[in-house]
>>> print(open('query_23.txt').read())   # compact mmCIF, C-alpha atoms
# COMPACT_ATOMS: atom_id res chain seq x y z
CA ARG A 1 0.00 0.00 0.00
CA GLY A 2 1.56 3.25 -1.13
CA ASP A 3 5.30 3.17 -0.55
CA ARG A 4 5.26 0.28 1.96
CA LEU A 5 4.96 -3.50 1.77
CA TYR A 6 2.95 -4.96 4.68
CA ALA A 7 3.29 -8.54 5.89
CA ARG A 8 4.23 -10.57 8.93
CA GLY A 9 8.02 -10.39 9.16
CA ALA A 10 8.27 -8.24 6.03
CA ALA A 11 11.18 -6.29 7.52
CA ASP A 12 12.17 -8.46 10.51
CA ASP A 13 13.63 -10.46 9.01
CA LYS A 14 12.58 -11.66 5.56
CA ALA A 15 13.95 -8.45 4.06
CA GLY A 16 17.32 -9.05 5.73
CA ILE A 17 17.71 -12.27 3.77
CA VAL A 18 16.57 -10.67 0.51
CA THR A 19 19.01 -7.80 1.07
CA HIS A 20 21.94 -10.20 0.79
CA LEU A 21 20.43 -12.02 -2.20
CA GLY A 22 19.63 -8.74 -3.93
CA ALA A 23 23.18 -7.46 -3.51
CA LEU A 24 24.60 -10.70 -4.92
CA ARG A 25 22.17 -10.54 -7.86
CA MET A 26 23.22 -6.95 -8.61
CA LEU A 27 26.91 -7.88 -8.72
CA GLY A 28 26.52 -11.24 -10.48
CA ASP A 29 29.80 -12.41 -11.99
CA ASP A 30 31.48 -9.18 -10.91
CA LEU A 31 31.59 -10.34 -7.30
CA ALA A 32 35.15 -9.66 -6.16
CA VAL A 33 35.07 -11.29 -2.73
CA GLY A 34 34.23 -14.73 -1.44
CA VAL A 35 30.80 -14.83 0.22
CA THR A 36 29.13 -17.36 2.47
CA VAL A 37 25.38 -16.88 2.99
CA PHE A 38 24.19 -18.23 6.34
CA VAL A 39 20.47 -18.03 7.14
CA GLU A 40 19.73 -18.67 10.82
CA GLY A 41 16.09 -19.47 11.56
CA GLU A 42 15.95 -19.51 15.37
CA GLU A 43 16.74 -15.92 16.32
CA GLU A 44 13.22 -15.17 17.54
CA VAL A 45 13.22 -18.24 19.81
CA GLY A 46 16.67 -17.92 21.39
CA SER A 47 19.07 -19.52 18.83
CA GLU A 48 19.72 -22.44 21.16
CA SER A 49 21.46 -24.57 18.52
CA LEU A 50 23.65 -21.75 17.17
CA PRO A 51 26.67 -21.94 19.54
CA ALA A 52 27.23 -25.63 18.81
CA PHE A 53 26.65 -25.06 15.08
CA LEU A 54 29.22 -22.26 14.94
CA LYS A 55 31.74 -24.40 16.79
CA GLU A 56 31.18 -27.40 14.49
CA HIS A 57 31.31 -25.38 11.25
CA ARG A 58 33.71 -22.64 12.28
CA ASP A 59 36.04 -23.22 9.31
CA LEU A 60 33.20 -22.91 6.80
CA LEU A 61 31.87 -19.70 8.32
CA GLU A 62 35.09 -17.90 9.21
CA ALA A 63 35.33 -14.53 7.47
CA ASP A 64 37.09 -11.17 7.53
CA VAL A 65 33.76 -9.31 7.54
CA ILE A 66 30.39 -10.50 8.84
CA VAL A 67 27.32 -8.54 7.71
CA ILE A 68 24.16 -9.10 9.76
CA ALA A 69 21.14 -7.35 8.23
CA ASP A 70 18.77 -7.65 11.19
CA SER A 71 18.64 -4.10 12.53
CA GLY A 72 17.43 -0.78 11.17
CA ASN A 73 18.18 2.75 10.05
CA TRP A 74 17.91 5.99 11.98
CA ASP A 75 15.12 7.38 9.82
CA ILE A 76 13.75 7.26 6.29
CA GLY A 77 16.52 8.93 4.34
CA VAL A 78 19.14 8.50 7.09
CA PRO A 79 21.10 5.20 7.18
CA ALA A 80 22.74 3.74 10.28
CA LEU A 81 25.19 1.19 11.57
CA THR A 82 24.16 -0.46 14.83
CA THR A 83 27.02 -0.39 17.34
CA SER A 84 25.33 -1.59 20.54
CA LEU A 85 22.39 -3.77 21.55
CA ARG A 86 20.93 -4.56 24.94
CA GLY A 87 20.84 -8.13 26.22
CA LEU A 88 17.79 -10.03 27.41
CA VAL A 89 16.77 -11.96 30.51
CA ARG A 90 13.23 -13.37 30.68
CA VAL A 91 11.80 -15.08 33.72
CA ASP A 92 8.43 -16.40 34.85
CA VAL A 93 7.64 -15.31 38.42
CA GLU A 94 4.99 -17.10 40.47
CA VAL A 95 3.73 -16.13 43.91
CA ARG A 96 1.53 -18.48 45.93
CA THR A 97 -0.32 -17.57 49.11
CA LEU A 98 -2.85 -20.42 49.40
CA SER A 99 -2.93 -24.16 48.81
CA HIS A 100 -6.37 -23.76 47.22
CA ALA A 101 -8.89 -21.05 46.34
CA VAL A 102 -11.17 -19.75 49.10
CA HIS A 103 -14.20 -17.45 49.41
CA SER A 104 -13.14 -13.78 49.25
CA GLY A 105 -15.82 -12.71 51.73
CA MET A 106 -15.03 -15.37 54.28
CA TRP A 107 -11.25 -14.88 54.18
CA GLY A 108 -10.64 -11.46 52.64
CA GLY A 109 -8.97 -9.05 55.05
CA LEU A 110 -6.88 -11.78 56.66
CA VAL A 111 -5.46 -13.91 53.87
CA PRO A 112 -3.46 -12.09 51.13
CA ASP A 113 -4.61 -13.06 47.65
CA SER A 114 -1.94 -13.86 45.09
CA LEU A 115 -2.88 -11.10 42.64
CA ILE A 116 -2.45 -8.34 45.22
CA THR A 117 0.78 -10.00 46.35
CA LEU A 118 2.13 -10.18 42.79
CA SER A 119 1.09 -6.58 42.13
CA ARG A 120 3.02 -5.34 45.16
CA LEU A 121 6.08 -7.32 44.13
CA ILE A 122 5.96 -5.95 40.58
CA ALA A 123 5.63 -2.41 41.95
CA THR A 124 9.02 -2.71 43.67
CA LEU A 125 10.84 -3.12 40.36
CA HIS A 126 10.83 0.64 39.62
CA ASP A 127 11.33 3.74 41.73
CA ASP A 128 8.88 6.64 41.72
CA GLU A 129 10.54 8.16 38.62
CA GLY A 130 10.31 4.91 36.71
CA ASN A 131 13.99 3.92 36.92
CA VAL A 132 14.72 0.22 37.35
CA ALA A 133 15.15 -0.29 41.11
CA VAL A 134 17.06 -3.59 40.95
CA ALA A 135 20.46 -3.06 42.60
CA GLY A 136 23.68 -4.13 40.89
CA LEU A 137 22.70 -3.65 37.24
CA HIS A 138 25.04 -1.83 34.87
CA ALA A 139 24.14 1.37 33.00
CA GLY A 140 26.27 3.54 30.75
CA PRO A 141 26.29 6.66 28.56
CA ALA A 142 24.84 6.73 25.06
CA ALA A 143 25.81 8.55 21.90
CA ASP A 144 24.95 12.23 21.75
CA VAL A 145 22.00 11.79 19.39
CA ASP A 146 18.94 14.02 19.43
CA TYR A 147 15.64 12.13 19.55
CA PRO A 148 12.92 14.80 19.29
CA GLU A 149 9.87 14.58 21.53
CA GLU A 150 7.36 14.62 18.70
CA ARG A 151 9.20 11.82 16.93
CA LEU A 152 9.35 9.72 20.10
CA ARG A 153 5.59 10.00 20.54
CA ALA A 154 4.80 9.33 16.90
CA GLU A 155 7.05 6.27 16.68
CA SER A 156 6.17 4.75 20.06
CA GLY A 157 2.43 5.30 19.84
CA ALA A 158 2.45 6.84 23.33
CA LEU A 159 -0.69 8.79 24.16
CA PRO A 160 -0.35 12.58 24.49
CA THR A 161 -0.91 12.32 28.26
CA THR A 162 1.52 9.45 28.85
CA GLU A 163 4.64 10.49 30.79
CA TRP A 164 8.03 8.97 30.04
CA ILE A 165 9.58 6.83 32.75
CA GLY A 166 13.15 6.95 34.03
CA THR A 167 15.82 9.63 34.02
CA GLY A 168 18.63 10.52 31.62
CA SER A 169 18.48 11.21 27.90
CA ALA A 170 15.95 9.36 25.77
CA VAL A 171 18.63 7.34 23.98
CA GLU A 172 20.27 6.37 27.27
CA ARG A 173 16.96 5.02 28.53
CA LEU A 174 16.38 3.19 25.25
CA TRP A 175 19.90 1.94 24.49
CA THR A 176 22.32 1.89 27.43
CA LYS A 177 20.26 1.54 30.62
CA PRO A 178 18.42 -1.58 31.77
CA SER A 179 14.66 -1.85 31.46
CA LEU A 180 12.02 -4.10 33.01
CA SER A 181 8.64 -4.87 31.45
CA ILE A 182 5.77 -7.16 32.35
CA THR A 183 4.79 -8.88 29.10
CA GLY A 184 2.20 -11.30 30.45
CA ILE A 185 0.15 -12.17 33.54
CA ASP A 186 -1.79 -15.35 34.34
CA ALA A 187 -4.99 -14.33 36.13
CA PRO A 188 -8.72 -15.00 35.89
CA LYS A 189 -10.55 -12.89 33.30
CA VAL A 190 -12.51 -9.93 34.61
CA ASP A 191 -15.66 -11.09 32.86
CA GLY A 192 -17.01 -13.99 34.86
CA ALA A 193 -14.56 -13.71 37.76
CA SER A 194 -15.98 -15.14 40.97
CA ASN A 195 -15.70 -13.91 44.58
CA THR A 196 -12.63 -16.04 45.14
CA LEU A 197 -9.14 -15.45 46.49
CA VAL A 198 -6.79 -16.71 43.76
CA PRO A 199 -4.17 -19.00 45.33
CA ALA A 200 -1.33 -18.37 42.81
CA ALA A 201 -0.47 -15.82 40.11
CA ARG A 202 2.28 -15.62 37.50
CA ALA A 203 3.92 -12.87 35.49
CA LYS A 204 6.52 -12.88 32.73
CA ILE A 205 9.26 -10.33 33.32
CA SER A 206 11.30 -9.18 30.32
CA MET A 207 14.52 -7.45 31.38
CA ARG A 208 16.74 -5.70 28.85
CA VAL A 209 20.37 -5.73 29.96
CA ALA A 210 22.60 -2.73 29.27
CA PRO A 211 25.74 -3.14 27.15
CA GLY A 212 28.64 -3.82 29.50
CA ASP A 213 26.57 -6.05 31.77
CA THR A 214 26.17 -9.84 31.61
CA THR A 215 23.02 -11.90 31.74
CA ALA A 216 24.47 -13.91 34.63
CA ASN A 217 24.84 -10.78 36.75
CA ALA A 218 21.48 -9.38 35.70
CA LEU A 219 19.66 -12.62 36.52
CA ALA A 220 21.35 -12.88 39.91
CA CYS A 221 20.44 -9.27 40.73
CA LEU A 222 16.82 -9.77 39.67
CA ARG A 223 16.47 -12.97 41.70
CA ALA A 224 17.94 -11.30 44.78
CA HIS A 225 15.56 -8.34 44.42
CA LEU A 226 12.47 -10.52 44.04
CA GLU A 227 13.43 -12.71 47.00
CA ALA A 228 14.05 -9.66 49.18
CA HIS A 229 10.79 -7.91 48.27
CA VAL A 230 8.17 -10.65 48.00
CA PRO A 231 5.53 -9.56 50.55
CA TRP A 232 3.64 -11.35 53.32
CA GLY A 233 5.71 -14.53 53.30
CA ALA A 234 4.34 -15.65 49.93
CA GLN A 235 5.98 -18.63 48.25
CA LEU A 236 8.10 -17.35 45.35
CA THR A 237 9.20 -19.32 42.29
CA VAL A 238 11.45 -17.75 39.63
CA THR A 239 11.88 -19.78 36.43
CA LEU A 240 14.40 -18.72 33.79
CA VAL A 241 12.88 -18.65 30.29
CA ASP A 242 15.82 -17.49 28.16
CA THR A 243 18.78 -15.12 27.97
CA GLY A 244 20.80 -13.28 25.34
CA GLU A 245 23.98 -11.30 25.90
CA ALA A 246 24.31 -7.59 25.21
CA THR A 247 26.70 -6.49 22.47
CA THR A 248 29.04 -3.54 22.01
CA ILE A 249 30.81 -3.26 18.65
CA ASP A 250 33.98 -1.29 17.99
CA ALA A 251 32.90 0.18 14.66
CA THR A 252 36.36 1.28 13.53
CA GLY A 253 38.75 -0.05 10.92
CA PRO A 254 38.91 -0.55 7.14
CA ALA A 255 35.68 -2.57 6.81
CA TYR A 256 33.71 0.13 8.61
CA ASP A 257 35.29 2.82 6.45
CA VAL A 258 34.14 0.94 3.34
CA ALA A 259 30.68 0.42 4.83
CA ARG A 260 30.22 4.10 5.70
CA ALA A 261 31.26 5.12 2.21
CA ALA A 262 28.89 2.56 0.66
CA PHE A 263 25.94 3.70 2.76
CA ALA A 264 26.64 7.37 2.08
CA GLU A 265 26.72 6.70 -1.67
CA ALA A 266 23.48 4.69 -1.57
CA TRP A 267 21.76 7.48 0.38
CA ASP A 268 22.93 10.24 -1.98
CA GLY A 269 25.61 11.62 0.32
CA THR A 270 23.91 11.18 3.70
CA ALA A 271 26.42 9.58 6.07
CA PRO A 272 25.23 6.73 8.31
CA VAL A 273 24.58 7.34 12.01
CA ASP A 274 26.18 5.09 14.64
CA MET A 275 23.22 4.10 16.78
CA GLY A 276 22.30 1.79 19.61
CA VAL A 277 19.30 -0.52 19.72
CA GLY A 278 17.22 -1.19 22.79
CA GLY A 279 16.19 -4.61 21.58
CA SER A 280 18.30 -7.73 21.55
CA ILE A 281 19.81 -9.91 18.84
CA PRO A 282 21.56 -12.53 21.00
CA PHE A 283 23.32 -14.31 18.17
CA ILE A 284 25.44 -11.23 17.38
CA ALA A 285 27.38 -11.83 20.60
CA GLU A 286 27.91 -15.44 19.49
CA PHE A 287 29.48 -14.30 16.21
CA VAL A 288 31.62 -11.68 17.95
CA ASP A 289 32.91 -14.29 20.43
CA THR A 290 33.43 -17.05 17.85
CA PHE A 291 35.17 -14.85 15.27
CA PRO A 292 37.09 -12.22 17.29
CA GLY A 293 39.19 -11.21 14.29
CA ALA A 294 36.21 -10.39 12.07
CA SER A 295 34.65 -6.97 11.57
CA VAL A 296 30.97 -7.43 12.43
CA LEU A 297 28.68 -4.99 10.62
CA VAL A 298 25.09 -4.80 11.91
CA THR A 299 22.88 -3.20 9.29
CA GLY A 300 19.21 -3.53 8.46
CA VAL A 301 16.11 -2.47 6.63
CA GLU A 302 13.81 -1.29 9.42
CA ASP A 303 12.74 2.34 9.81
CA PRO A 304 10.96 4.07 12.70
CA ASP A 305 7.53 3.10 11.35
CA THR A 306 8.32 -0.56 10.65
CA ARG A 307 6.42 -1.78 13.76
CA ALA A 308 8.36 -5.03 13.89
CA HIS A 309 6.50 -8.01 15.37
CA GLY A 310 3.16 -6.25 14.88
CA PRO A 311 0.31 -7.34 12.63
CA ASN A 312 0.97 -4.41 10.26
CA GLU A 313 4.74 -4.70 10.07
CA GLY A 314 5.84 -2.64 7.09
CA LEU A 315 8.83 -2.37 4.78
CA HIS A 316 9.56 1.00 3.16
CA LEU A 317 10.34 -0.02 -0.42
CA ALA A 318 12.52 2.95 -1.38
CA GLU A 319 14.67 2.44 1.72
CA PHE A 320 14.81 -1.28 0.98
CA GLU A 321 16.22 -0.52 -2.46
CA ARG A 322 18.86 1.74 -0.90
CA VAL A 323 19.84 -0.98 1.58
CA ILE A 324 20.35 -3.52 -1.22
CA LEU A 325 22.41 -1.02 -3.18
CA ALA A 326 24.49 -0.20 -0.09
CA HIS A 327 25.27 -3.89 0.48
CA ALA A 328 26.29 -4.32 -3.15
CA LEU A 329 28.55 -1.27 -2.90
CA LEU A 330 29.96 -2.67 0.34
CA LEU A 331 30.92 -5.99 -1.31
CA GLU A 332 32.38 -4.09 -4.27
CA GLY A 333 34.37 -1.81 -1.96
CA LEU A 334 35.68 -4.71 0.12
CA GLY A 335 36.84 -6.35 -3.10
CA ARG A 336 38.80 -3.24 -4.08
CA ARG A 337 40.24 -3.12 -0.57
>>> encode(input="query_23.txt", output="structure tokens")
Amino acid sequence: RGDRLYARGAADDKAGIVTHLGALRMLGDDLAVGVTVFVEGEEEVGSESLPAFLKEHRDLLEADVIVIADSGNWDIGVPALTTSLRGLVRVDVEVRTLSHAVHSGMWGGLVPDSLITLSRLIATLHDDEGNVAVAGLHAGPAADVDYPEERLRAESGALPTTEWIGTGSAVERLWTKPSLSITGIDAPKVDGASNTLVPAARAKISMRVAPGDTTANALACLRAHLEAHVPWGAQLTVTLVDTGEATTIDATGPAYDVARAAFAEAWDGTAPVDMGVGGSIPFIAEFVDTFPGASVLVTGVEDPDTRAHGPNEGLHLAEFERVILAHALLLEGLGRR
């Protein structure tokens, strides 16, 4: 519709695969470097088999430059190289206050119900300003990039009356500080709920880990906080769902010089921005660790209105064309180098 293609996964990450194929098609027999195309299909579910796969096939996959097209650009008309990503720790938290459900009139006022208990525990995760209140987590500075208020609201979908949480610059809060979100709660539906004290309640906590921190430290800090703050002697169970390490990339050296020149040419002279990403791509850390001598370039096709993972995920077709051209120019430039 118009200048966008809409489909599930149109940008994240079908277009990442097609970017590589498009660049190779453009160059054809003029390809001046050796290329291995590796399509990994488990990124959205944790990439559990990837570490063993990389170890087993290290010789086949070893390269001077690794290009991962799973990120985005700063804006339509402004390209970017991603130089940092937050890590991820997800846990399921259950609190139990009763061995079985009981009548809320007969026992309310004496016995704590699990939903109130879980709500109070969740409320301890942030201070009054909205900063993450879990002690021991790392936070750091972010690039000096202006993220205008009107753009933040337009891209996030935040209501005009919604206040931002946390302190520091917008990009620090989005890229280089930890965050905690509740992405799911198990509880009876409001419609049809009975006058019953619910014996147990669960929530899924999604914690984004700042670059420079480790998932092991973040998980230990979160567990300690939950154990110290669970109210009224409730039974607490914390179950790890998955983790993914944060990544910081040193975007300097010949490969990055070629990449910046290629992106600037594809965008008619607009130089790429070095940006962070608040989300997580855990397998990037695996590639960085497995191939320490390689220059890892994190590029992508997403723009601020992509709405990745949503039902109307969209791919801006003109930007997509520029991304393919930039990757072809990158391969051509690396060949000359």
>>> closest_residue(input="query_23.txt", among="A:Ala142, A:Ala326, A:Ile205, A:Leu5", to="A:Arg173", atoms="all atoms listed in the file")
A:Ala142
>>> closest_residue(input="query_23.txt", among="A:Gly168, A:Gly184, A:Gly269, A:Gly22", to="A:Asp144", atoms="only C-alpha atoms")
A:Gly168
>>> closest_residue(input="query_23.txt", among="A:Glu94, A:Asp303, A:Asp75, A:Glu42", to="A:Ala187", atoms="all atoms listed in the file")
A:Glu94
>>> closest_residue(input="query_23.txt", among="A:Pro188, A:Gly278, A:Gly293, A:Pro231", to="A:Thr124", atoms="all atoms listed in the file")
A:Pro231
>>> closest_residue(input="query_23.txt", among="A:Ala220, A:His20, A:Leu88, A:Ile116", to="A:Trp232", atoms="all atoms listed in the file")
A:Ile116
>>> atom_distance(input="query_23.txt", atom1="atom CA of A:Gly212", atom2="atom CA of A:Gly130")
21.5 Å
>>> build_atoms(input="query_23.txt", residues="stretch 175-203 of chain A", atoms="N, CA and C atoms", output="JSON list (two decimals), in the frame of the given file")
[["chain", "number", "residue", "atom", "x", "y", "z"],
["A", 175, "TRP", "N", 18.79, 2.71, 25.02],
["A", 175, "TRP", "CA", 19.90, 1.94, 24.49],
["A", 175, "TRP", "C", 20.87, 1.43, 25.55],
["A", 176, "THR", "N", 21.18, 2.23, 26.58],
["A", 176, "THR", "CA", 22.32, 1.89, 27.43],
["A", 176, "THR", "C", 21.98, 1.78, 28.91],
["A", 177, "LYS", "N", 20.69, 1.80, 29.25],
["A", 177, "LYS", "CA", 20.26, 1.54, 30.62],
["A", 177, "LYS", "C", 19.36, 0.31, 30.61],
["A", 178, "PRO", "N", 19.29, -0.40, 31.73],
["A", 178, "PRO", "CA", 18.42, -1.58, 31.77],
["A", 178, "PRO", "C", 16.95, -1.17, 31.79],
["A", 179, "SER", "N", 16.10, -2.07, 31.37],
["A", 179, "SER", "CA", 14.66, -1.85, 31.46],
["A", 179, "SER", "C", 13.98, -3.13, 31.93],
["A", 180, "LEU", "N", 12.81, -2.97, 32.54],
["A", 180, "LEU", "CA", 12.02, -4.10, 33.01],
["A", 180, "LEU", "C", 10.58, -3.91, 32.55],
["A", 181, "SER", "N", 10.02, -4.93, 31.92],
["A", 181, "SER", "CA", 8.64, -4.87, 31.45],
["A", 181, "SER", "C", 7.92, -6.14, 31.87],
["A", 182, "ILE", "N", 6.62, -6.01, 32.10],
["A", 182, "ILE", "CA", 5.77, -7.16, 32.35],
["A", 182, "ILE", "C", 5.04, -7.45, 31.04],
["A", 183, "THR", "N", 5.34, -8.58, 30.42],
["A", 183, "THR", "CA", 4.79, -8.88, 29.10],
["A", 183, "THR", "C", 3.65, -9.88, 29.15],
["A", 184, "GLY", "N", 3.32, -10.38, 30.34],
["A", 184, "GLY", "CA", 2.20, -11.30, 30.45],
["A", 184, "GLY", "C", 1.88, -11.60, 31.90],
["A", 185, "ILE", "N", 0.59, -11.81, 32.19],
["A", 185, "ILE", "CA", 0.15, -12.17, 33.54],
["A", 185, "ILE", "C", -0.90, -13.28, 33.42],
["A", 186, "ASP", "N", -0.76, -14.32, 34.22],
["A", 186, "ASP", "CA", -1.79, -15.35, 34.34],
["A", 186, "ASP", "C", -2.73, -14.95, 35.47],
["A", 187, "ALA", "N", -4.00, -14.72, 35.13],
["A", 187, "ALA", "CA", -4.99, -14.33, 36.13],
["A", 187, "ALA", "C", -6.37, -14.62, 35.56],
["A", 188, "PRO", "N", -7.37, -14.81, 36.41],
["A", 188, "PRO", "CA", -8.72, -15.00, 35.89],
["A", 188, "PRO", "C", -9.17, -13.77, 35.09],
["A", 189, "LYS", "N", -9.99, -14.00, 34.07],
["A", 189, "LYS", "CA", -10.55, -12.89, 33.30],
["A", 189, "LYS", "C", -11.52, -12.09, 34.15],
["A", 190, "VAL", "N", -11.60, -10.79, 33.88],
["A", 190, "VAL", "CA", -12.51, -9.93, 34.61],
["A", 190, "VAL", "C", -13.96, -10.38, 34.39],
["A", 191, "ASP", "N", -14.30, -10.62, 33.14],
["A", 191, "ASP", "CA", -15.66, -11.09, 32.86],
["A", 191, "ASP", "C", -15.82, -12.51, 33.39],
["A", 192, "GLY", "N", -16.75, -12.68, 34.30],
["A", 192, "GLY", "CA", -17.01, -13.99, 34.86],
["A", 192, "GLY", "C", -16.20, -14.34, 36.09],
["A", 193, "ALA", "N", -15.36, -13.41, 36.57],
["A", 193, "ALA", "CA", -14.56, -13.71, 37.76],
["A", 193, "ALA", "C", -15.48, -13.88, 38.97],
["A", 194, "SER", "N", -15.16, -14.86, 39.80],
["A", 194, "SER", "CA", -15.98, -15.14, 40.97],
["A", 194, "SER", "C", -15.41, -14.46, 42.21],
["A", 195, "ASN", "N", -16.17, -14.48, 43.31],
["A", 195, "ASN", "CA", -15.70, -13.91, 44.58],
["A", 195, "ASN", "C", -14.77, -14.90, 45.26],
["A", 196, "THR", "N", -13.58, -15.02, 44.69],
["A", 196, "THR", "CA", -12.63, -16.04, 45.14],
["A", 196, "THR", "C", -11.24, -15.45, 45.28],
["A", 197, "LEU", "N", -10.55, -15.79, 46.35],
["A", 197, "LEU", "CA", -9.14, -15.45, 46.49],
["A", 197, "LEU", "C", -8.33, -16.42, 45.65],
["A", 198, "VAL", "N", -7.57, -15.88, 44.67],
["A", 198, "VAL", "CA", -6.79, -16.71, 43.76],
["A", 198, "VAL", "C", -5.53, -17.19, 44.50],
["A", 199, "PRO", "N", -5.29, -18.50, 44.52],
["A", 199, "PRO", "CA", -4.17, -19.00, 45.33],
["A", 199, "PRO", "C", -2.78, -18.70, 44.76],
["A", 200, "ALA", "N", -2.64, -18.60, 43.41],
["A", 200, "ALA", "CA", -1.33, -18.37, 42.81],
["A", 200, "ALA", "C", -1.49, -17.49, 41.58],
["A", 201, "ALA", "N", -0.47, -16.69, 41.29],
["A", 201, "ALA", "CA", -0.47, -15.82, 40.11],
["A", 201, "ALA", "C", 0.93, -15.77, 39.51],
["A", 202, "ARG", "N", 1.00, -15.64, 38.19],
["A", 202, "ARG", "CA", 2.28, -15.62, 37.50],
["A", 202, "ARG", "C", 2.40, -14.40, 36.60],
["A", 203, "ALA", "N", 3.62, -13.96, 36.43],
["A", 203, "ALA", "CA", 3.92, -12.87, 35.49],
["A", 203, "ALA", "C", 5.20, -13.19, 34.75]]
